[in-house]
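To be precise, the following lines are target-v3.txt, and they hold compact mmCIF, C-alpha atoms and all ligand atoms.
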# COMPACT_ATOMS: atom_id res chain seq x y z
CA MET W 1 -42.18 25.48 -41.70
CA ASN W 2 -39.63 23.05 -40.29
CA LYS W 3 -36.25 24.60 -39.67
CA LYS W 4 -33.42 23.30 -41.82
CA ILE W 5 -30.57 21.83 -39.84
CA VAL W 6 -26.88 22.55 -40.25
CA ILE W 7 -24.39 20.29 -38.49
CA ALA W 8 -20.79 21.51 -38.44
CA ASN W 9 -18.33 18.63 -38.09
CA TRP W 10 -14.90 20.06 -37.35
CA LYS W 11 -13.29 16.61 -37.17
CA LEU W 12 -9.76 16.77 -35.70
CA ASN W 13 -9.33 20.49 -36.32
CA GLY W 14 -9.14 23.65 -34.28
CA ASP W 15 -7.19 24.84 -31.26
CA GLN W 16 -7.86 27.30 -28.45
CA THR W 17 -7.14 30.34 -30.62
CA PHE W 18 -9.42 29.05 -33.37
CA VAL W 19 -12.19 28.28 -30.87
CA LYS W 20 -12.02 31.73 -29.29
CA ASP W 21 -12.09 33.39 -32.68
CA PHE W 22 -15.06 31.28 -33.80
CA ILE W 23 -16.98 32.19 -30.63
CA LYS W 24 -16.23 35.88 -31.13
CA LYS W 25 -17.49 35.72 -34.70
CA ILE W 26 -20.62 33.75 -33.93
CA ASN W 27 -21.48 36.05 -31.01
CA SER W 28 -21.17 39.12 -33.22
CA THR W 29 -23.22 37.68 -36.09
CA GLN W 30 -26.72 39.11 -36.49
CA LYS W 31 -29.15 36.90 -34.54
CA LYS W 32 -31.63 37.08 -37.43
CA ILE W 33 -29.46 34.74 -39.51
CA PHE W 34 -29.86 31.96 -36.96
CA GLU W 35 -33.62 32.27 -36.52
CA ASN W 36 -34.67 29.93 -39.31
CA ILE W 37 -31.94 27.36 -38.87
CA GLN W 38 -31.13 24.76 -36.27
CA ILE W 39 -27.37 24.74 -35.78
CA ILE W 40 -25.44 21.88 -34.23
CA LEU W 41 -21.72 22.40 -33.73
CA SER W 42 -19.39 19.44 -33.41
CA PRO W 43 -15.89 20.60 -32.48
CA PRO W 44 -13.44 18.18 -30.84
CA ILE W 45 -15.03 17.22 -27.54
CA ILE W 46 -12.57 19.05 -25.28
CA TYR W 47 -13.82 22.40 -26.63
CA ILE W 48 -17.55 21.72 -26.30
CA ASN W 49 -18.08 22.81 -22.72
CA TYR W 50 -16.16 26.06 -23.23
CA MET W 51 -18.13 26.85 -26.39
CA PHE W 52 -21.38 25.84 -24.72
CA LYS W 53 -20.73 28.42 -22.00
CA LYS W 54 -19.35 31.20 -24.17
CA ILE W 55 -21.70 31.21 -27.14
CA ASN W 56 -24.51 33.63 -26.31
CA ASN W 57 -27.12 32.04 -28.53
CA LYS W 58 -28.50 29.21 -26.42
CA LYS W 59 -30.35 27.77 -29.41
CA ILE W 60 -27.08 26.59 -30.87
CA PHE W 61 -26.56 22.95 -29.90
CA PHE W 62 -23.53 20.67 -29.67
CA ALA W 63 -22.65 17.19 -30.85
CA SER W 64 -19.85 14.91 -29.78
CA GLN W 65 -17.96 13.26 -32.66
CA ASN W 66 -17.76 9.95 -30.82
CA VAL W 67 -18.83 8.09 -27.69
CA ASP W 68 -18.25 4.79 -25.94
CA TYR W 69 -21.25 2.55 -25.38
CA HIS W 70 -20.32 1.78 -21.78
CA ASP W 71 -21.68 4.00 -19.01
CA LYS W 72 -18.47 3.79 -16.95
CA GLY W 73 -15.67 1.47 -15.96
CA ALA W 74 -12.20 0.36 -16.97
CA PHE W 75 -12.22 1.68 -20.55
CA THR W 76 -9.14 3.86 -20.81
CA GLY W 77 -9.43 6.74 -23.22
CA GLU W 78 -13.20 6.52 -23.69
CA ILE W 79 -15.98 9.02 -23.02
CA SER W 80 -19.45 8.00 -21.87
CA PRO W 81 -22.83 9.33 -23.03
CA TYR W 82 -23.42 10.59 -19.47
CA MET W 83 -20.27 12.74 -19.68
CA ILE W 84 -21.33 14.11 -23.04
CA ASN W 85 -24.68 15.08 -21.56
CA GLU W 86 -22.97 16.72 -18.63
CA ILE W 87 -20.76 19.03 -20.70
CA GLY W 88 -23.69 20.46 -22.64
CA ALA W 89 -23.93 18.36 -25.81
CA LYS W 90 -27.26 16.88 -26.88
CA TYR W 91 -26.16 14.98 -29.97
CA VAL W 92 -23.60 12.37 -30.93
CA ILE W 93 -22.26 11.73 -34.43
CA LEU W 94 -21.62 8.03 -34.96
CA GLY W 95 -20.89 5.69 -37.81
CA HIS W 96 -18.89 8.31 -39.66
CA SER W 97 -16.95 6.70 -42.50
CA GLU W 98 -13.69 8.02 -41.09
CA ARG W 99 -14.31 6.12 -37.84
CA ARG W 100 -15.46 3.04 -39.74
CA LYS W 101 -12.24 3.13 -41.77
CA ASN W 102 -9.60 4.46 -39.38
CA HIS W 103 -10.93 2.95 -36.15
CA PHE W 104 -12.39 -0.24 -37.59
CA GLU W 105 -15.90 0.49 -36.32
CA ASN W 106 -18.38 -1.97 -37.75
CA ASN W 107 -22.17 -1.99 -37.87
CA THR W 108 -22.41 -4.08 -34.69
CA LEU W 109 -20.33 -1.67 -32.61
CA ILE W 110 -22.11 1.33 -34.10
CA ALA W 111 -25.49 -0.18 -33.19
CA LYS W 112 -24.33 -0.66 -29.59
CA LYS W 113 -23.32 2.98 -29.46
CA PHE W 114 -26.66 4.01 -31.00
CA PHE W 115 -28.49 2.09 -28.28
CA SER W 116 -26.44 3.64 -25.51
CA ILE W 117 -26.82 7.17 -26.90
CA LYS W 118 -30.62 6.85 -26.92
CA LYS W 119 -30.70 5.21 -23.50
CA ASN W 120 -28.86 8.24 -22.14
CA ASN W 121 -31.31 10.72 -23.71
CA LEU W 122 -28.88 11.97 -26.31
CA ILE W 123 -29.76 12.17 -30.00
CA PRO W 124 -27.78 10.01 -32.42
CA ILE W 125 -26.68 11.38 -35.78
CA LEU W 126 -26.04 8.14 -37.62
CA CYS W 127 -23.81 8.46 -40.70
CA ILE W 128 -24.33 5.98 -43.49
CA GLY W 129 -23.05 5.85 -47.05
CA GLU W 130 -21.41 3.85 -49.78
CA THR W 131 -17.90 3.84 -51.25
CA LYS W 132 -17.19 4.77 -54.86
CA LYS W 133 -16.75 1.10 -55.78
CA GLU W 134 -20.05 0.14 -54.19
CA LYS W 135 -21.79 2.94 -56.04
CA GLU W 136 -20.28 1.86 -59.34
CA LYS W 137 -21.44 -1.71 -58.73
CA GLY W 138 -24.97 -0.46 -58.05
CA LEU W 139 -24.78 -1.52 -54.41
CA THR W 140 -25.72 1.78 -52.74
CA LYS W 141 -29.14 0.65 -51.49
CA GLU W 142 -27.81 -2.68 -50.28
CA VAL W 143 -25.05 -0.97 -48.28
CA LEU W 144 -27.48 1.49 -46.72
CA ILE W 145 -29.89 -1.30 -45.82
CA ASN W 146 -27.12 -3.26 -44.08
CA GLN W 147 -26.08 -0.20 -42.11
CA ILE W 148 -29.68 0.51 -41.11
CA ASN W 149 -30.70 -3.08 -40.37
CA GLN W 150 -28.13 -3.60 -37.65
CA ILE W 151 -29.64 -0.65 -35.78
CA PHE W 152 -33.11 -2.23 -35.99
CA LEU W 153 -31.70 -5.54 -34.85
CA THR W 154 -29.99 -4.07 -31.78
CA CYS W 155 -32.37 -1.27 -30.87
CA GLY W 156 -35.79 -2.54 -31.90
CA ASN W 157 -38.48 -1.51 -34.35
CA ASP W 158 -38.81 2.10 -33.33
CA ALA W 159 -35.08 2.68 -33.08
CA PHE W 160 -35.08 5.63 -35.41
CA ASN W 161 -37.67 7.72 -33.62
CA LYS W 162 -36.23 11.14 -32.72
CA THR W 163 -32.91 10.50 -34.41
CA PHE W 164 -30.88 11.92 -37.27
CA ILE W 165 -29.53 10.01 -40.24
CA ALA W 166 -26.79 11.58 -42.29
CA TYR W 167 -26.43 10.14 -45.76
CA GLU W 168 -22.80 10.72 -46.67
CA PRO W 169 -21.53 9.02 -49.82
CA ILE W 170 -17.92 8.29 -48.89
CA TRP W 171 -16.62 9.32 -52.30
CA ALA W 172 -18.11 12.79 -51.77
CA ILE W 173 -16.48 13.46 -48.39
CA GLY W 174 -13.65 15.96 -48.58
CA THR W 175 -13.31 15.51 -52.33
CA GLY W 176 -15.23 18.46 -53.72
CA LYS W 177 -17.39 15.93 -55.58
CA ASN W 178 -21.12 15.91 -55.02
CA GLU W 179 -24.00 13.64 -55.64
CA SER W 180 -26.59 15.63 -57.62
CA PRO W 181 -29.33 17.13 -55.43
CA ASN W 182 -31.89 15.12 -57.37
CA ASN W 183 -30.09 11.83 -56.73
CA ILE W 184 -29.55 12.68 -53.07
CA ASN W 185 -33.28 13.30 -52.80
CA LYS W 186 -34.06 9.91 -54.36
CA ILE W 187 -31.75 8.15 -51.91
CA MET W 188 -33.23 10.09 -48.98
CA LYS W 189 -36.70 9.08 -50.08
CA PHE W 190 -35.54 5.47 -50.23
CA ILE W 191 -34.04 5.70 -46.71
CA LYS W 192 -37.18 7.31 -45.34
CA ASN W 193 -39.52 4.77 -46.89
CA TYR W 194 -37.37 1.85 -45.84
CA ILE W 195 -37.27 2.97 -42.20
CA MET W 196 -40.97 3.82 -42.11
CA GLN W 197 -41.85 0.44 -43.54
CA LYS W 198 -39.73 -1.40 -40.95
CA SER W 199 -40.96 0.67 -38.00
CA LEU W 200 -44.01 -0.51 -36.08
CA ASN W 201 -44.96 2.98 -35.01
CA LYS W 202 -45.93 4.89 -38.13
CA ASN W 203 -45.71 8.22 -36.31
CA ILE W 204 -41.98 8.09 -35.77
CA LYS W 205 -40.04 11.21 -36.64
CA PHE W 206 -36.44 11.42 -37.78
CA LYS W 207 -34.32 13.87 -39.75
CA LEU W 208 -32.35 13.26 -42.91
CA GLN W 209 -29.10 15.15 -43.45
CA TYR W 210 -26.85 15.15 -46.48
CA GLY W 211 -23.08 15.32 -46.05
CA GLY W 212 -20.15 15.30 -48.47
CA SER W 213 -18.48 18.42 -49.85
CA VAL W 214 -21.33 20.72 -48.92
CA SER W 215 -20.26 24.31 -49.65
CA ASP W 216 -21.61 27.81 -50.13
CA ASN W 217 -21.80 27.00 -53.86
CA ASN W 218 -24.09 23.98 -53.68
CA VAL W 219 -26.03 24.20 -50.41
CA HIS W 220 -28.95 26.20 -51.83
CA LYS W 221 -29.70 23.49 -54.39
CA ILE W 222 -29.35 20.61 -51.92
CA ILE W 223 -31.58 22.22 -49.34
CA GLU W 224 -34.41 22.75 -51.85
CA GLU W 225 -35.02 19.02 -52.15
CA LYS W 226 -38.09 17.61 -50.45
CA TYR W 227 -36.56 14.79 -48.41
CA ILE W 228 -33.48 16.67 -47.23
CA ASP W 229 -33.90 18.20 -43.78
CA GLY W 230 -30.44 19.66 -43.61
CA VAL W 231 -26.74 19.28 -44.22
CA LEU W 232 -23.66 17.99 -42.44
CA VAL W 233 -20.77 20.28 -43.25
CA GLY W 234 -17.14 19.31 -42.76
CA SER W 235 -14.32 21.46 -44.10
CA ALA W 236 -16.57 24.39 -45.09
CA SER W 237 -17.54 24.80 -41.43
CA LEU W 238 -13.94 25.57 -40.49
CA ASN W 239 -13.91 28.85 -42.37
CA TYR W 240 -16.39 31.14 -40.64
CA LYS W 241 -16.82 33.35 -43.69
CA ILE W 242 -17.88 30.37 -45.80
CA PHE W 243 -19.90 28.85 -42.97
CA LEU W 244 -21.81 32.10 -42.61
CA LYS W 245 -22.47 32.16 -46.35
CA ILE W 246 -23.97 28.67 -46.05
CA LEU W 247 -26.18 29.78 -43.17
CA LYS W 248 -27.31 32.88 -45.06
CA LYS W 249 -28.19 30.88 -48.15
CA ILE W 250 -30.39 28.58 -46.08
CA SER W 251 -31.85 31.39 -44.06
CA PHE W 252 -32.67 33.44 -47.14
CA ARG W 253 -34.33 30.44 -48.79
CA GLU W 254 -36.53 29.90 -45.73
CA LYS W 255 -37.87 33.41 -45.93
CA LYS W 256 -39.04 33.10 -49.51
P1 LIG R 301 -16.76 17.49 -45.98
O1 LIG R 301 -17.00 16.47 -44.78
O2 LIG R 301 -17.88 18.51 -45.92
O3 LIG R 301 -15.43 18.09 -45.72
O4 LIG R 301 -16.83 16.71 -47.25
C1 LIG R 301 -18.27 16.02 -44.44
C2 LIG R 301 -18.19 14.97 -43.37
O5 LIG R 301 -17.30 14.13 -43.41
O6 LIG R 301 -18.99 14.95 -42.44
What's the structure tokens form of this structure?
Amino acid sequence: MNKKIVIANWKLNGDQTFVKDFIKKINSTQKKIFENIQIILSPPIIYINYMFKKINNKKIFFASQNVDYHDKGAFTGEISPYMINEIGAKYVILGHSERRKNHFENNTLIAKKFFSIKKNNLIPILCIGETKKEKEKGLTKEVLINQINQIFLTCGNDAFNKTFIAYEPIWAIGTGKNESPNNINKIMKFIKNYIMQKSLNKNIKFKLQYGGSVSDNNVHKIIEEKYIDGVLVGSASLNYKIFLKILKKISFREKK
């Protein structure tokens, strides 16, 4: 059985005390809980290397929350895919709605980053999703197609092979509101079919994550759905007690 995937996106949260405490807790958690789950932690980048070294379980992976698409040069403040690789991260989250909104990242820039991430042997976790207004106007599929198409345009027909796509309806992020598991599944199926149909290689493999107010109260229902490979957890990943509950719910389900 394929392992379900849990990505913990800390966003701009945490400090050295928090990081040390998190490491202590994860290192003293029963290993059994992690066996059936693939965990990817995405703290702010400056903590990744420390966590990479201090977390005993080497099957826990790391994702950067951002990257520049240049390899090196005069780009003050940026971080390259090579550097991300070097500090122990294997994944990069990109296209998150908060970066689209607060940092004016558009589909063209995101596609350039996607290309560079793959070129540097990192795995992109591409976030896509619609606003509340777009949903109400029935534009969800159109928005998702636009976000996906630019990646095809920039990176070619097999762009999505060995990548992650996180469907995150913007209205569900940090709001406590959820899309119903059944609807998420329908959208995931649509995303999967759309990508498969546009890809030349029919053997490509990619993972579909759901994100947006995932908690210990709803994760078991979300994870049951056929087209959902895992979840992207924001605020609930900042409280270890709740995060552990999420992991246990997934782990328990896998053993059934
Ligand atoms: P949330 O965030 O779980 O706090 O809604 C998810 C995300 O933005 O990735």
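When only C-alpha atoms and all ligand atoms are used to compute distances to ligand LIG 301 (chain R), the closest of the residues W:His103, W:Lys189, W:Lys31, W:His96 turns out to be W:His96.
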note - CA of Leu247 (chain W) and CA of Ile93 (chain W) are separated by 20.4 Å
Rows by chain and residue number, chain W within 8 Å of ligand LIG 301 (chain R), shortest pair, only C-alpha atoms and all ligand atoms, as a tab-separated table:
residue	atom	partner	partner_atom	distance
W:Ala8	CA	R:LIG301	O6	7.9
W:Asn9	CA	R:LIG301	O6	5.7
W:Lys11	CA	R:LIG301	O5	7.8
W:His96	CA	R:LIG301	O5	7.1
W:Ser97	CA	R:LIG301	O5	7.5
W:Glu98	CA	R:LIG301	O5	7.5
W:Glu168	CA	R:LIG301	C2	7.1
W:Ala172	CA	R:LIG301	O4	6.1
W:Ile173	CA	R:LIG301	O4	3.5
W:Gly174	CA	R:LIG301	O4	3.5
W:Thr175	CA	R:LIG301	O4	6.3
W:Gly176	CA	R:LIG301	O4	6.9
W:Gly211	CA	R:LIG301	C1	5.1
W:Gly212	CA	R:LIG301	O4	3.8
W:Ser213	CA	R:LIG301	O4	3.5
W:Val214	CA	R:LIG301	O2	5.1
W:Ser215	CA	R:LIG301	O2	7.3
W:Leu232	CA	R:LIG301	O6	5.6
W:Val233	CA	R:LIG301	O2	4.3
W:Gly234	CA	R:LIG301	O2	3.3
W:Ser235	CA	R:LIG301	O3	3.9
W:Ala236	CA	R:LIG301	O2	6.1
W:Ser237	CA	R:LIG301	O2	7.7
Restricting to only C-alpha atoms, whichever of W:Leu153, W:Ile148, W:Ile228, W:Ile84 is closest to Asn120 (chain W) is W:Ile84
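Non-sequential neighbours of region 217-220 of chain W (distance at most 7 Å, separation of 3 or more positions within a chain, only C-alpha atoms) are Val214, Ile223, Glu224, Ile246, Lys249 and Ile250 of chain W.
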Find the distance between CA of Lys226 (chain W) and CA of Ile60 (chain W) and write it in Å to one decimal.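 CA of Ile60 (chain W) lies at a distance of 24.2 Å from CA of Lys226 (chain W).
Atom to atom, CA of Asn161 (chain W) and CA of Phe34 (chain W) stand 25.7 Å apart.
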